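Enquirer: Supplied structure: input.tsv, TSV, C-alpha atoms.
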```tsv
chain	number	residue	atom	x	y	z
O	1	MET	CA	213.74	-51.81	-10.09
O	2	ALA	CA	216.57	-52.22	-12.62
O	3	HIS	CA	215.88	-53.52	-16.13
O	4	ILE	CA	218.24	-54.82	-18.76
O	5	GLN	CA	217.84	-55.20	-22.49
O	6	GLY	CA	218.49	-58.52	-24.17
O	7	ILE	CA	218.42	-60.03	-27.64
O	8	HIS	CA	216.94	-63.48	-28.14
O	9	LEU	CA	217.57	-65.32	-31.41
O	10	LEU	CA	214.50	-66.87	-32.99
O	11	ALA	CA	213.90	-70.32	-34.40
O	12	LYS	CA	217.52	-71.18	-35.12
O	13	GLY	CA	217.38	-68.65	-37.94
O	14	GLY	CA	214.51	-70.10	-39.97
O	15	LYS	CA	212.56	-67.02	-41.05
O	16	SER	CA	209.09	-68.46	-41.59
O	17	GLU	CA	209.24	-70.26	-38.25
O	18	ALA	CA	210.72	-67.11	-36.70
O	19	ARG	CA	207.71	-65.08	-37.89
O	20	ARG	CA	205.32	-67.58	-36.33
O	21	ILE	CA	207.21	-67.52	-33.04
O	22	ALA	CA	207.51	-63.73	-33.13
O	23	GLU	CA	203.73	-63.45	-33.24
O	24	ASP	CA	203.44	-65.55	-30.09
O	25	ILE	CA	206.16	-63.53	-28.37
O	26	ARG	CA	204.53	-60.22	-29.33
O	27	ARG	CA	201.05	-61.27	-28.29
O	28	TYR	CA	201.92	-62.88	-24.95
O	29	GLN	CA	205.20	-61.09	-24.12
O	30	ARG	CA	206.96	-64.34	-23.33
O	31	LEU	CA	209.80	-66.64	-24.40
O	32	LEU	CA	209.64	-70.41	-24.50
O	33	VAL	CA	212.17	-72.36	-22.44
O	34	GLY	CA	213.55	-74.90	-24.89
O	35	THR	CA	215.73	-77.98	-24.57
O	36	GLY	CA	219.37	-78.50	-25.38
O	37	SER	CA	221.03	-75.71	-23.44
O	38	ALA	CA	224.58	-75.82	-22.20
O	39	HIS	CA	224.21	-73.84	-18.99
O	40	GLY	CA	220.92	-75.00	-17.52
O	41	ALA	CA	217.27	-74.61	-18.43
O	42	GLY	CA	216.07	-71.17	-19.40
O	43	ALA	CA	215.53	-68.74	-22.25
O	44	TYR	CA	218.90	-67.48	-23.48
O	45	ALA	CA	219.69	-64.00	-24.70
O	46	TRP	CA	222.63	-61.74	-25.38
O	47	TYR	CA	223.10	-58.50	-23.54
O	48	LYS	CA	222.15	-55.95	-26.19
O	49	GLU	CA	225.63	-54.47	-26.37
O	50	HIS	CA	227.38	-57.86	-26.60
O	51	LEU	CA	225.65	-59.41	-29.58
O	52	PRO	CA	228.39	-60.86	-31.86
O	53	ARG	CA	228.61	-59.38	-35.35
O	54	GLU	CA	227.95	-62.82	-36.92
O	55	LEU	CA	224.49	-62.78	-35.37
O	56	TYR	CA	223.39	-59.36	-36.57
O	57	ASN	CA	221.35	-60.77	-39.47
O	58	TRP	CA	219.59	-63.54	-37.54
O	59	PRO	CA	215.86	-63.20	-36.77
O	60	GLN	CA	215.74	-61.76	-33.26
O	61	VAL	CA	213.71	-59.97	-30.65
O	62	LEU	CA	214.93	-57.09	-28.54
O	63	PHE	CA	213.30	-57.12	-25.13
O	64	GLU	CA	213.51	-55.80	-21.63
O	65	VAL	CA	213.49	-57.84	-18.44
O	66	GLU	CA	213.98	-57.23	-14.75
O	67	GLU	CA	217.60	-57.68	-13.80
O	68	SER	CA	216.60	-59.73	-10.76
O	69	SER	CA	215.00	-62.37	-12.97
O	70	ILE	CA	218.10	-63.26	-14.99
O	71	ALA	CA	221.08	-65.51	-14.34
O	72	PRO	CA	224.23	-64.14	-15.99
O	73	ILE	CA	226.39	-66.75	-17.73
O	74	CYS	CA	229.92	-66.40	-16.43
O	75	ASN	CA	233.19	-68.26	-16.44
O	76	ARG	CA	234.47	-69.70	-13.18
O	77	ASP	CA	236.54	-66.59	-12.61
O	78	GLY	CA	233.35	-64.52	-12.73
O	79	ALA	CA	233.98	-62.99	-16.16
O	80	SER	CA	230.76	-62.52	-18.12
O	81	ARG	CA	230.35	-64.45	-21.37
O	82	GLY	CA	228.13	-61.70	-22.75
O	83	TYR	CA	224.83	-63.47	-22.45
O	84	PHE	CA	222.38	-64.54	-19.79
O	85	ARG	CA	219.63	-67.01	-19.01
O	86	ILE	CA	216.12	-66.34	-17.79
O	87	PRO	CA	215.65	-69.48	-15.71
O	88	GLY	CA	212.55	-71.56	-16.26
O	89	VAL	CA	211.25	-75.09	-16.58
O	90	ILE	CA	211.68	-76.67	-20.00
O	91	GLY	CA	208.46	-76.30	-21.96
O	92	SER	CA	207.23	-73.36	-19.86
O	93	TYR	CA	207.43	-69.63	-20.65
O	94	VAL	CA	209.27	-66.72	-19.05
O	95	ARG	CA	207.93	-63.17	-19.03
O	96	ILE	CA	209.59	-60.39	-21.02
O	97	HIS	CA	208.63	-56.97	-22.36
O	98	VAL	CA	209.09	-56.85	-26.14
O	99	LEU	CA	210.74	-53.75	-27.61
O	100	ALA	CA	211.32	-54.71	-31.26
O	101	PHE	CA	211.85	-57.50	-33.76
O	102	ALA	CA	214.49	-57.64	-36.46
O	103	ASN	CA	215.30	-59.69	-39.58
O	104	LEU	CA	211.92	-61.35	-39.92
O	105	ASP	CA	211.55	-60.50	-43.64
D	1	MET	CA	234.34	-76.45	-47.39
D	2	ASP	CA	238.01	-76.81	-48.21
D	3	PRO	CA	240.27	-78.79	-45.86
D	4	LEU	CA	242.02	-75.71	-44.44
D	5	ALA	CA	238.76	-73.97	-43.64
D	6	ARG	CA	237.46	-77.16	-42.06
D	7	LYS	CA	240.59	-77.47	-39.95
D	8	CYS	CA	240.23	-73.86	-38.77
D	9	LEU	CA	236.58	-74.46	-37.92
D	10	GLU	CA	237.44	-77.66	-36.09
D	11	ASP	CA	240.09	-75.86	-34.03
D	12	ARG	CA	237.58	-73.16	-33.07
D	13	VAL	CA	234.94	-75.74	-32.17
D	14	LEU	CA	237.36	-77.77	-30.05
D	15	ALA	CA	238.59	-74.64	-28.26
D	16	GLU	CA	235.07	-73.48	-27.52
D	17	VAL	CA	233.91	-76.89	-26.29
D	18	GLN	CA	237.02	-77.14	-24.13
D	19	THR	CA	236.12	-73.79	-22.56
D	20	LEU	CA	232.59	-74.97	-22.07
D	21	LEU	CA	233.72	-78.19	-20.40
D	22	THR	CA	236.20	-76.34	-18.22
D	23	GLU	CA	233.93	-73.50	-17.20
D	24	GLY	CA	230.59	-75.28	-17.33
D	25	ASP	CA	228.60	-77.19	-14.77
D	26	HIS	CA	229.74	-80.81	-14.93
D	27	VAL	CA	226.84	-82.03	-12.81
D	28	TYR	CA	224.41	-80.47	-15.26
D	29	PHE	CA	226.24	-81.93	-18.26
D	30	GLN	CA	226.25	-85.40	-16.79
D	31	HIS	CA	222.49	-85.40	-16.48
D	32	LEU	CA	222.06	-84.70	-20.19
D	33	SER	CA	221.42	-87.67	-22.46
D	34	PRO	CA	223.96	-88.13	-25.29
D	35	THR	CA	221.44	-86.61	-27.70
D	36	ASP	CA	220.71	-83.63	-25.46
D	37	PHE	CA	224.41	-83.10	-24.83
D	38	LEU	CA	225.10	-83.00	-28.55
D	39	GLU	CA	222.17	-80.64	-29.09
D	40	ALA	CA	223.38	-78.42	-26.25
D	41	LEU	CA	226.81	-78.10	-27.86
D	42	GLU	CA	225.27	-77.48	-31.26
D	43	ASN	CA	222.97	-74.79	-29.87
D	44	GLU	CA	225.79	-73.18	-27.95
D	45	LEU	CA	227.97	-72.83	-31.05
D	46	ARG	CA	225.08	-71.43	-33.08
D	47	PHE	CA	224.24	-69.07	-30.25
D	48	LEU	CA	227.85	-67.91	-30.10
D	49	GLY	CA	227.73	-66.95	-33.78
D	50	PHE	CA	229.84	-69.66	-35.38
D	51	TYR	CA	228.06	-69.07	-38.67
D	52	THR	CA	225.82	-66.53	-40.31
D	53	HIS	CA	222.14	-66.99	-40.95
D	54	SER	CA	222.54	-67.70	-44.67
D	55	ASP	CA	225.30	-70.29	-44.16
D	56	ARG	CA	223.95	-73.80	-44.75
D	57	GLU	CA	227.22	-75.68	-44.92
D	58	THR	CA	228.95	-74.78	-41.66
D	59	PRO	CA	226.27	-76.18	-39.32
D	60	VAL	CA	226.51	-79.54	-41.11
D	61	VAL	CA	230.29	-79.60	-40.72
D	62	ILE	CA	229.99	-78.55	-37.06
D	63	ARG	CA	227.57	-81.41	-36.45
D	64	ALA	CA	230.05	-83.86	-37.94
D	65	ILE	CA	232.89	-82.49	-35.80
D	66	LEU	CA	230.78	-82.70	-32.66
D	67	GLU	CA	229.71	-86.27	-33.40
D	68	GLN	CA	233.33	-87.22	-33.95
D	69	HIS	CA	234.39	-86.04	-30.47
D	70	VAL	CA	231.27	-86.33	-28.35
D	71	ASP	CA	232.13	-89.70	-26.75
D	72	GLN	CA	235.51	-88.39	-25.66
D	73	TRP	CA	233.95	-85.29	-24.10
D	74	ARG	CA	231.32	-87.33	-22.26
D	75	ALA	CA	234.06	-89.58	-20.90
D	76	TYR	CA	235.88	-86.47	-19.68
D	77	ILE	CA	232.76	-85.25	-17.88
D	78	ARG	CA	232.28	-88.65	-16.24
D	79	GLU	CA	235.87	-88.55	-15.00
D	80	GLN	CA	235.28	-85.16	-13.41
D	81	GLN	CA	232.36	-86.58	-11.45
D	82	GLU	CA	234.08	-89.66	-10.07
D	83	PRO	CA	234.67	-89.37	-6.32
D	84	ALA	CA	238.19	-88.60	-5.29
D	85	VAL	CA	240.13	-91.54	-3.85
D	86	PRO	CA	241.44	-90.69	-0.37
D	87	VAL	CA	245.22	-90.74	-0.35
D	88	GLN	CA	247.13	-91.90	2.72
D	89	ILE	CA	249.95	-89.47	3.38
D	90	ALA	CA	252.52	-90.42	6.00
D	91	ALA	CA	252.78	-87.83	8.73
D	92	SER	CA	255.95	-85.83	8.48
D	93	PRO	CA	258.63	-86.10	11.19
D	94	TRP	CA	257.96	-82.49	12.06
D	95	ILE	CA	254.42	-83.33	13.19
D	96	GLN	CA	255.83	-85.96	15.54
D	97	THR	CA	258.39	-83.49	16.84
D	98	THR	CA	255.87	-80.80	17.63
D	99	ASN	CA	253.51	-83.24	19.25
D	100	SER	CA	256.14	-84.77	21.46
D	101	ALA	CA	258.10	-81.63	22.23
D	102	ALA	CA	258.05	-80.31	25.76
D	103	THR	CA	256.40	-76.97	26.18
D	104	GLY	CA	259.46	-75.25	27.59
D	105	LEU	CA	261.95	-75.31	24.76
D	106	LEU	CA	265.59	-74.80	25.62
D	107	MET	CA	267.48	-72.34	23.48
D	108	THR	CA	270.71	-74.24	23.18
D	109	LYS	CA	273.14	-74.42	20.29
D	110	ALA	CA	272.81	-78.17	20.08
D	111	THR	CA	269.03	-78.25	19.78
D	112	GLN	CA	267.84	-77.17	16.34
D	113	TYR	CA	264.27	-76.20	17.16
D	114	ILE	CA	262.46	-73.68	15.11
D	115	GLY	CA	262.26	-70.45	17.06
D	116	PHE	CA	258.77	-69.50	18.15
D	117	MET	CA	259.74	-66.05	19.35
D	118	PHE	CA	261.03	-62.93	17.70
D	119	PRO	CA	264.83	-62.52	17.81
D	120	MET	CA	264.66	-59.60	20.26
D	121	GLU	CA	262.65	-61.69	22.71
D	122	ARG	CA	265.16	-64.50	22.46
D	123	LEU	CA	267.94	-62.05	23.15
D	124	ALA	CA	266.12	-60.74	26.22
D	125	ILE	CA	265.70	-64.26	27.57
D	126	GLN	CA	269.35	-65.09	27.00
D	127	MET	CA	270.44	-61.87	28.72
D	128	SER	CA	268.18	-62.49	31.71
D	129	SER	CA	269.51	-66.05	32.08
D	130	LEU	CA	273.07	-64.65	32.03
D	131	ALA	CA	272.09	-62.17	34.73
D	132	VAL	CA	270.79	-65.01	36.90
D	133	GLN	CA	274.06	-66.91	36.39
D	134	ASP	CA	276.02	-63.79	37.46
D	135	GLN	CA	273.95	-63.47	40.63
D	136	VAL	CA	274.48	-67.14	41.47
D	137	SER	CA	278.19	-66.93	40.93
```
Translate this structure into structure tokens?
Expert:
Amino acid sequence: MAHIQGIHLLAKGGKSEARRIAEDIRRYQRLLVGTGSAHGAGAYAWYKEHLPRELYNWPQVLFEVEESSIAPICNRDGASRGYFRIPGVIGSYVRIHVLAFANLD
Amino acid sequence: MDPLARKCLEDRVLAEVQTLLTEGDHVYFQHLSPTDFLEALENELRFLGFYTHSDRETPVVIRAILEQHVDQWRAYIREQQEPAVPVQIAASPWIQTTNSAATGLLMTKATQYIGFMFPMERLAIQMSSLAVQDQVS
């Protein structure tokens, strides 16, 4: 079963809120499906190797997920936009395996 | 933010939203409330790295730019969803010709039909008809 590594940005960059969320993510190995997404409901994350430089210092979690459980975000011509969605119902959680957190301090 | 920097930011925002509207799912967008649509755009630009974590000014300017254009973008999405109006196109004369044409087409100089056979086949037919004429005469 193939796995991919993704980076999810936490709490719109607010560090104290990010630390609180990180604890929930670490304990339950899950991401919350929030509102206000542009490509459908789900938890959004960058492919590890495609994270833009401007986002390097944002609070974030590196995780692993089964490739079959993600929906890549692509243009109409099929070109990847560098990130993906783990589909889910708004307000519910999707399962991930946490590898590391960054920029929480 | 100075005017030039704001203009550059606005150009980037407009280009990105245009891409999003072109490449994105219009049906999904149309089901978002105006507030959710605005939030979706805002989140998308943040997610794409339009500003660094320590930047407090840029998100405020982005919000203002989005609010300035959001009605226009929503109107665009609505237009994309409107059902296409069927257009009556008059049948071309060629359609009438093919429908009314007899199945056995004569290969004469006067009749300008489009050839349905390869040139070599036409030549063979013409030669065989000449041979028949020779036998008759």
Enquirer: Would you compute the distance between CA of Asn43 in chain D and CA of Glu66 in chain O? Give it in Å to one decimal.
Expert: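 Between CA of Asn43 in chain D and CA of Glu66 in chain O the gap is 24.9 Å.
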Enquirer: Can you check which residues of chain D have any atom within 6 Å of chain O? Use only C-alpha atoms and format it as a count of residues only.
Expert: 7
Enquirer: If I take CA of Leu99 in chain O and CA of Val61 in chain O, how far is one from the other in Å, to one decimal?
Expert: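 Between these atoms lies a distance of 7.5 Å.
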Enquirer: What separation in Å, quoted to one decimal, exists between CA of Ala43 in chain O and CA of Pro72 in chain O?
Expert: 11.7 Å
Enquirer: Using only C-alpha atoms, which of O:Ala102, O:Leu31, O:Ile25, O:Val65 sits nearest His3 in chain O?
Expert: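 For His3 in chain O, the nearest of the given residues is O:Val65.
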Enquirer: Could you give me, as a PyMOL selection string, the residues within 9 Å of Phe101 in chain O, counting all atoms listed in the file and dropping anything in the same chain fewer than 4 positions from it?
Expert: chain O and resi 22+26+59-63
Enquirer: Next, write the just-selected residues to a file, as a PDB file, keeping the file's coordinate frame, keeping C-alpha atoms as the atom set.
Expert:
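In the end it all went to out08.pdb:
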```
ATOM      1  CA  ALA O  22     207.510 -63.730 -33.130  1.00  0.00           C
ATOM      2  CA  ARG O  26     204.530 -60.220 -29.330  1.00  0.00           C
ATOM      3  CA  PRO O  59     215.860 -63.200 -36.770  1.00  0.00           C
ATOM      4  CA  GLN O  60     215.740 -61.760 -33.260  1.00  0.00           C
ATOM      5  CA  VAL O  61     213.710 -59.970 -30.650  1.00  0.00           C
ATOM      6  CA  LEU O  62     214.930 -57.090 -28.540  1.00  0.00           C
ATOM      7  CA  PHE O  63     213.300 -57.120 -25.130  1.00  0.00           C
TER       8      PHE O  63
END
```
Enquirer: Identify which of the residues O:Glu17, O:Ser80, O:Glu23, O:Arg30 lies closest to His97 in chain O, counting all atoms listed in the file when measuring atom-to-atom distances.
Expert: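 Checking each of O:Glu17, O:Ser80, O:Glu23, O:Arg30 against His97 in chain O, counting all atoms listed in the file, the winner is O:Arg30.
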